[in-house]
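Chemist: Take a look at protein-v5.tsv, TSV, C-alpha atoms and all ligand atoms:
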chain	number	residue	atom	x	y	z
V	2	MET	CA	-48.48	90.86	151.44
V	3	PHE	CA	-49.21	93.25	154.27
V	4	PHE	CA	-52.56	91.82	155.26
V	5	THR	CA	-51.26	89.49	157.95
V	6	LYS	CA	-52.05	91.95	160.73
V	7	LYS	CA	-55.69	92.19	159.73
V	8	LYS	CA	-57.83	93.28	162.64
V	9	TYR	CA	-61.39	94.47	163.04
V	10	GLY	CA	-61.87	98.19	162.89
V	11	GLU	CA	-58.67	99.13	161.13
V	12	LYS	CA	-60.49	100.10	158.02
V	13	LEU	CA	-62.29	103.40	158.38
V	14	LEU	CA	-65.73	103.53	156.84
V	15	LYS	CA	-67.28	106.53	155.23
V	16	CYS	CA	-70.90	107.36	155.79
V	17	PRO	CA	-72.65	106.91	152.44
V	18	ARG	CA	-74.96	109.79	153.26
V	19	CYS	CA	-72.57	112.40	154.69
V	20	ARG	CA	-69.36	111.15	152.99
V	21	ILE	CA	-67.39	111.68	156.19
V	22	TYR	CA	-65.40	109.11	158.10
V	23	MET	CA	-67.34	107.43	160.84
V	24	LYS	CA	-66.25	107.11	164.42
V	25	LYS	CA	-65.38	103.67	165.72
V	26	ILE	CA	-67.04	102.70	168.96
V	27	LYS	CA	-65.86	99.61	170.77
V	28	LYS	CA	-68.29	97.63	172.88
V	29	GLU	CA	-66.36	94.75	174.40
V	30	ASP	CA	-65.25	92.90	171.28
V	31	VAL	CA	-67.69	94.55	168.89
V	32	ILE	CA	-66.70	97.52	166.76
V	33	ILE	CA	-69.51	99.77	165.62
V	34	ASP	CA	-69.09	102.51	163.07
V	35	VAL	CA	-71.09	105.58	163.97
V	36	CYS	CA	-71.62	108.68	161.86
V	37	GLU	CA	-71.63	111.67	164.17
V	38	LYS	CA	-73.49	113.77	161.64
V	39	CYS	CA	-76.56	111.63	160.91
V	40	ASN	CA	-76.14	109.15	163.79
V	41	GLY	CA	-76.03	106.32	161.29
V	42	LEU	CA	-74.78	102.99	162.56
V	43	TRP	CA	-72.86	100.43	160.55
V	44	LEU	CA	-72.37	96.86	161.59
V	45	ASP	CA	-71.05	93.74	159.94
V	46	ASP	CA	-73.25	90.66	160.05
V	47	HIS	CA	-71.15	88.97	162.69
V	48	GLU	CA	-71.02	92.19	164.68
V	49	ILE	CA	-74.80	92.15	164.94
V	50	ASP	CA	-74.62	88.60	166.28
V	51	LYS	CA	-72.02	89.69	168.80
V	52	LEU	CA	-74.15	92.63	169.87
V	53	ASN	CA	-77.14	90.33	170.30
V	54	ALA	CA	-75.09	88.01	172.44
V	55	LEU	CA	-73.93	91.01	174.44
V	56	ALA	CA	-77.49	92.23	174.93
V	57	LYS	CA	-78.54	88.77	176.05
V	58	ARG	CA	-75.71	88.62	178.53
V	59	THR	CA	-76.63	92.04	179.89
V	60	SER	CA	-80.28	91.12	180.30
V	61	VAL	CA	-79.28	87.91	182.04
V	62	LYS	CA	-77.19	90.00	184.41
V	63	ALA	CA	-80.15	92.31	185.07
V	64	LYS	CA	-82.37	89.30	185.69
V	65	SER	CA	-79.98	87.75	188.17
V	66	LYS	CA	-79.87	91.10	189.98
V	67	LYS	CA	-83.65	91.02	190.26
V	68	ILE	CA	-83.51	87.48	191.58
V	69	SER	CA	-81.00	88.40	194.26
V	70	LYS	CA	-83.24	91.33	195.23
V	71	THR	CA	-86.26	89.07	195.67
V	72	LYS	CA	-84.10	86.67	197.62
V	73	SER	CA	-83.10	89.37	200.07
V	74	LYS	CA	-86.76	90.35	200.36
V	75	VAL	CA	-87.63	86.79	201.31
V	76	LYS	CA	-84.84	86.86	203.89
V	77	SER	CA	-86.10	90.03	205.53
V	78	LYS	CA	-89.58	88.58	205.90
V	101	ZN	ZN	-73.88	110.26	158.08
Go ahead and render the structure in this file as structure tokens.
Ligand SMILES: [Zn+2]
Modeler:
Amino acid sequence: MFFTKKKYGEKLLKCPRCRIYMKKIKKEDVIIDVCEKCNGLWLDDHEIDKLNALAKRTSVKAKSKKISKTKSKVKSK
């Protein structure tokens, strides 16, 4: 069988509305299928989880930035 090299994102998805192939967008290890015509997004279940984890990580980063800002404020006092 030729399915040994199975990877995410190798299979192109067609938009069910526009019937055109959707563009693959890679966000770290998450592949999102985007229809450029109707801006429809397609995700697998586990891709949503990955995106959520990614969003959490990003917000944590933003938070830690805020913390370091307040810290420098305290220093300048
Ligand atoms: Zn579409």
Chemist: Would you compute the distance between atom CA of V:Cys36 and atom CA of V:Lys51? Give it in Å to one decimal.
Modeler: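 Between these atoms lies a distance of 20.2 Å.
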Chemist: Using all atoms listed in the file, which residues sit within 12 Å of stretch 39-45 of chain V once same-chain residues fewer than 4 positions away are excluded, as a PyMOL selection string?
Modeler: chain V and resi 9-10+13-27+31-35+49-53
Chemist: Take the residues just selected and output them with C-alpha atoms as a PDB file, in the frame of the given file.
Modeler:
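Full text of selection06.pdb as output:
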ATOM      1  CA  TYR V   9     -61.390  94.470 163.040  1.00  0.00           C
ATOM      2  CA  GLY V  10     -61.870  98.190 162.890  1.00  0.00           C
ATOM      3  CA  LEU V  13     -62.290 103.400 158.380  1.00  0.00           C
ATOM      4  CA  LEU V  14     -65.730 103.530 156.840  1.00  0.00           C
ATOM      5  CA  LYS V  15     -67.280 106.530 155.230  1.00  0.00           C
ATOM      6  CA  CYS V  16     -70.900 107.360 155.790  1.00  0.00           C
ATOM      7  CA  PRO V  17     -72.650 106.910 152.440  1.00  0.00           C
ATOM      8  CA  ARG V  18     -74.960 109.790 153.260  1.00  0.00           C
ATOM      9  CA  CYS V  19     -72.570 112.400 154.690  1.00  0.00           C
ATOM     10  CA  ARG V  20     -69.360 111.150 152.990  1.00  0.00           C
ATOM     11  CA  ILE V  21     -67.390 111.680 156.190  1.00  0.00           C
ATOM     12  CA  TYR V  22     -65.400 109.110 158.100  1.00  0.00           C
ATOM     13  CA  MET V  23     -67.340 107.430 160.840  1.00  0.00           C
ATOM     14  CA  LYS V  24     -66.250 107.110 164.420  1.00  0.00           C
ATOM     15  CA  LYS V  25     -65.380 103.670 165.720  1.00  0.00           C
ATOM     16  CA  ILE V  26     -67.040 102.700 168.960  1.00  0.00           C
ATOM     17  CA  LYS V  27     -65.860  99.610 170.770  1.00  0.00           C
ATOM     18  CA  VAL V  31     -67.690  94.550 168.890  1.00  0.00           C
ATOM     19  CA  ILE V  32     -66.700  97.520 166.760  1.00  0.00           C
ATOM     20  CA  ILE V  33     -69.510  99.770 165.620  1.00  0.00           C
ATOM     21  CA  ASP V  34     -69.090 102.510 163.070  1.00  0.00           C
ATOM     22  CA  VAL V  35     -71.090 105.580 163.970  1.00  0.00           C
ATOM     23  CA  ILE V  49     -74.800  92.150 164.940  1.00  0.00           C
ATOM     24  CA  ASP V  50     -74.620  88.600 166.280  1.00  0.00           C
ATOM     25  CA  LYS V  51     -72.020  89.690 168.800  1.00  0.00           C
ATOM     26  CA  LEU V  52     -74.150  92.630 169.870  1.00  0.00           C
ATOM     27  CA  ASN V  53     -77.140  90.330 170.300  1.00  0.00           C
TER      28      ASN V  53
END
Chemist: Of the candidates V:Glu48, V:Ser60, V:Glu37, V:Ala54, which shows the shortest atom-to-atom distance to ligand ZN 101 (chain V), using only C-alpha atoms and all ligand atoms?
Modeler: V:Glu37
Chemist: Compare V:Lys12, V:Lys38, V:Ala56, V:Glu29 by their minimum atom-to-atom distance to ligand ZN 101 (chain V), counting only C-alpha atoms and all ligand atoms, and give me the closest one.
Modeler: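 Smallest separation from ligand ZN 101 (chain V) among the options: V:Lys38.
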